[in-house]
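Chemist: Attaching a single structure in structure tokens format; questions to follow.
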Amino acid sequence: MTDKLFQPYKLRSLALPNRIVVSPMAQFSADREGRATDWHHVHYGTLAVSGAGLVILEATAVRPEGRVSPCCL
């Protein structure tokens, strides 16, 4: 019997290949303008190919005033 963790999961129109979810992490690694850096590309790229069914990114501000720190996305 296959463990439920590795079975597909569907929530409305979202279909996940498994039930492994990477929670959001505040990385504070953006540049001073709040843009993603090469570090983000490597970090999230690695998580994306890790086999997790869902990767939730850290909070991102749409305006500079919404950032928690100078290094937030």
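Identifiers in this document derive from the order of the structure tokens: chains are assigned A, B, ..., residues are numbered from 1 separately in each chain, and ligands are numbered from 1 in order of occurrence.
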Tell me, as number ranges by chain, which residues lie within 10 Å of Glu58 (chain A), counting only C-alpha atoms; anything in the same chain fewer than 2 positions away does not count.
Modeler: A: 23-28, 55-56, 60-61, 72-73
Chemist: Store the residues of this selection in a file with N, CA and C atoms, as a PDB file, in the first residue's frame.
Modeler:
```
ATOM      1  N   SER A  23       6.651  24.940   3.035  1.00  0.00           N
ATOM      2  CA  SER A  23       6.029  26.155   3.549  1.00  0.00           C
ATOM      3  C   SER A  23       6.858  27.386   3.201  1.00  0.00           C
ATOM      4  N   PRO A  24       6.226  28.568   3.227  1.00  0.00           N
ATOM      5  CA  PRO A  24       6.973  29.782   2.906  1.00  0.00           C
ATOM      6  C   PRO A  24       8.023  30.087   3.981  1.00  0.00           C
ATOM      7  N   MET A  25       9.146  30.616   3.528  1.00  0.00           N
ATOM      8  CA  MET A  25      10.229  30.982   4.437  1.00  0.00           C
ATOM      9  C   MET A  25      10.658  32.408   4.118  1.00  0.00           C
ATOM     10  N   ALA A  26      10.771  33.233   5.127  1.00  0.00           N
ATOM     11  CA  ALA A  26      11.249  34.601   4.913  1.00  0.00           C
ATOM     12  C   ALA A  26      12.759  34.529   4.759  1.00  0.00           C
ATOM     13  N   GLN A  27      13.253  34.775   3.560  1.00  0.00           N
ATOM     14  CA  GLN A  27      14.676  34.613   3.288  1.00  0.00           C
ATOM     15  C   GLN A  27      15.474  35.910   3.411  1.00  0.00           C
ATOM     16  N   PHE A  28      14.826  37.055   3.253  1.00  0.00           N
ATOM     17  CA  PHE A  28      15.499  38.354   3.367  1.00  0.00           C
ATOM     18  C   PHE A  28      16.763  38.410   2.504  1.00  0.00           C
ATOM     19  N   VAL A  55       5.276  24.211  -3.678  1.00  0.00           N
ATOM     20  CA  VAL A  55       6.245  25.092  -3.029  1.00  0.00           C
ATOM     21  C   VAL A  55       5.577  26.459  -2.894  1.00  0.00           C
ATOM     22  N   ILE A  56       5.468  26.952  -1.659  1.00  0.00           N
ATOM     23  CA  ILE A  56       4.856  28.256  -1.408  1.00  0.00           C
ATOM     24  C   ILE A  56       5.980  29.268  -1.209  1.00  0.00           C
ATOM     25  N   THR A  60       5.730  38.595  -0.873  1.00  0.00           N
ATOM     26  CA  THR A  60       6.313  39.579  -1.780  1.00  0.00           C
ATOM     27  C   THR A  60       5.444  40.827  -1.756  1.00  0.00           C
ATOM     28  N   ALA A  61       6.083  41.968  -1.665  1.00  0.00           N
ATOM     29  CA  ALA A  61       5.352  43.235  -1.609  1.00  0.00           C
ATOM     30  C   ALA A  61       5.179  43.792  -3.018  1.00  0.00           C
ATOM     31  N   CYS A  72      13.477  42.325   1.662  1.00  0.00           N
ATOM     32  CA  CYS A  72      12.317  41.502   1.310  1.00  0.00           C
ATOM     33  C   CYS A  72      11.983  41.664  -0.162  1.00  0.00           C
ATOM     34  N   LEU A  73      11.407  40.630  -0.739  1.00  0.00           N
ATOM     35  CA  LEU A  73      10.965  40.721  -2.134  1.00  0.00           C
ATOM     36  C   LEU A  73       9.855  41.734  -2.274  1.00  0.00           C
TER      37      LEU A  73
END
```
Chemist: For Asp31 (chain A), find every residue with an atom within 9 Å (counting only C-alpha atoms), except residues of its own chain fewer than 2 positions away, and show them as a PyMOL selection string.
Modeler: chain A and resi 28-29+33-37+70-73
Chemist: Within 10 Å of region 2-19 of chain A, counting only C-alpha atoms, which residues qualify if same-chain residues fewer than 2 places away don't, as a list in words?
Modeler: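 Non-adjacent residues within range: Val21, Val22, Gly51, Ala52, Gly53 and Leu54 of chain A.
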Chemist: Name the residues of region 1-66 of chain A that fall into alpha helix (DSSP H) according to DSSP on the backbone, using the chain letters and numbers of this document, as a ChimeraX atom specification.
Modeler: /A:38-48
Chemist: For a test of reading the model, state the distance in Å between CA of His40 (chain A) and CA of Ala59 (chain A), rounded to one decimal.
Modeler: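 That distance, rounded to one decimal, is 12.9 Å.
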Chemist: From a DSSP pass on the backbone, collect the residues of chain A flagged as strand (DSSP E or B) and hand them back as a list in words.
Modeler: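 Of chain A, only Tyr9, Lys10, Leu11, Leu14, Ala15, Leu16, Val21, Val22, Leu54 and Val55 of chain A fall in strand (DSSP E or B).
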Chemist: Now that the selection is made, can you save its residues with all heavy atoms as a CSV table (one decimal), in the first residue's frame?
Modeler:
```csv
chain,number,residue,atom,x,y,z
A,9,TYR,N,-3.1,14.6,-4.8
A,9,TYR,CA,-4.1,15.3,-4.0
A,9,TYR,C,-4.7,16.3,-4.9
A,9,TYR,O,-4.0,17.0,-5.6
A,9,TYR,CB,-3.4,15.9,-2.8
A,9,TYR,CG,-4.4,16.6,-1.9
A,9,TYR,CD1,-5.2,15.8,-1.0
A,9,TYR,CD2,-4.6,18.0,-1.9
A,9,TYR,CE1,-6.1,16.4,-0.2
A,9,TYR,CE2,-5.5,18.6,-1.1
A,9,TYR,CZ,-6.3,17.8,-0.2
A,9,TYR,OH,-7.2,18.4,0.6
A,10,LYS,N,-6.0,16.4,-4.8
A,10,LYS,CA,-6.7,17.4,-5.6
A,10,LYS,C,-7.6,18.3,-4.7
A,10,LYS,O,-8.3,17.8,-3.8
A,10,LYS,CB,-7.6,16.8,-6.7
A,10,LYS,CG,-8.3,17.8,-7.6
A,10,LYS,CD,-8.9,17.2,-8.8
A,10,LYS,CE,-9.5,18.3,-9.6
A,10,LYS,NZ,-9.7,18.1,-10.9
A,11,LEU,N,-7.5,19.6,-4.8
A,11,LEU,CA,-8.2,20.6,-4.1
A,11,LEU,C,-8.9,21.5,-5.1
A,11,LEU,O,-8.2,22.3,-5.7
A,11,LEU,CB,-7.4,21.3,-3.1
A,11,LEU,CG,-8.1,22.4,-2.3
A,11,LEU,CD1,-9.1,21.8,-1.4
A,11,LEU,CD2,-7.1,23.2,-1.5
A,14,LEU,N,-6.9,22.6,-8.3
A,14,LEU,CA,-5.5,22.4,-8.1
A,14,LEU,C,-5.2,20.9,-7.9
A,14,LEU,O,-5.7,20.2,-7.0
A,14,LEU,CB,-5.0,23.1,-6.8
A,14,LEU,CG,-3.6,23.0,-6.4
A,14,LEU,CD1,-2.6,23.6,-7.4
A,14,LEU,CD2,-3.4,23.6,-5.0
A,15,ALA,N,-4.4,20.3,-8.8
A,15,ALA,CA,-4.0,18.9,-8.7
A,15,ALA,C,-2.5,18.8,-8.4
A,15,ALA,O,-1.7,19.3,-9.1
A,15,ALA,CB,-4.3,18.2,-10.0
A,16,LEU,N,-2.2,18.2,-7.3
A,16,LEU,CA,-0.8,18.0,-6.8
A,16,LEU,C,-0.4,16.6,-7.1
A,16,LEU,O,-1.2,15.7,-6.8
A,16,LEU,CB,-0.6,18.4,-5.4
A,16,LEU,CG,-1.1,19.8,-4.9
A,16,LEU,CD1,-0.9,20.0,-3.4
A,16,LEU,CD2,-0.3,20.8,-5.7
A,21,VAL,N,4.4,19.5,0.9
A,21,VAL,CA,4.3,21.0,0.7
A,21,VAL,C,5.5,21.7,1.4
A,21,VAL,O,5.7,21.4,2.6
A,21,VAL,CB,3.0,21.5,1.3
A,21,VAL,CG1,2.9,23.0,1.1
A,21,VAL,CG2,1.8,20.9,0.5
A,22,VAL,N,6.2,22.5,0.7
A,22,VAL,CA,7.2,23.3,1.3
A,22,VAL,C,6.6,24.7,1.7
A,22,VAL,O,6.1,25.4,0.9
A,22,VAL,CB,8.4,23.6,0.3
A,22,VAL,CG1,9.5,24.4,1.0
A,22,VAL,CG2,9.0,22.3,-0.2
A,54,LEU,N,4.0,20.9,-3.9
A,54,LEU,CA,3.7,22.4,-3.8
A,54,LEU,C,4.8,23.1,-3.1
A,54,LEU,O,5.2,22.7,-2.0
A,54,LEU,CB,2.4,22.6,-3.2
A,54,LEU,CG,1.9,24.0,-3.0
A,54,LEU,CD1,1.6,24.7,-4.3
A,54,LEU,CD2,0.6,24.1,-2.1
A,55,VAL,N,5.3,24.2,-3.7
A,55,VAL,CA,6.2,25.1,-3.0
A,55,VAL,C,5.6,26.5,-2.9
A,55,VAL,O,5.2,27.0,-3.9
A,55,VAL,CB,7.6,25.2,-3.9
A,55,VAL,CG1,8.5,26.2,-3.2
A,55,VAL,CG2,8.2,23.9,-4.0
```
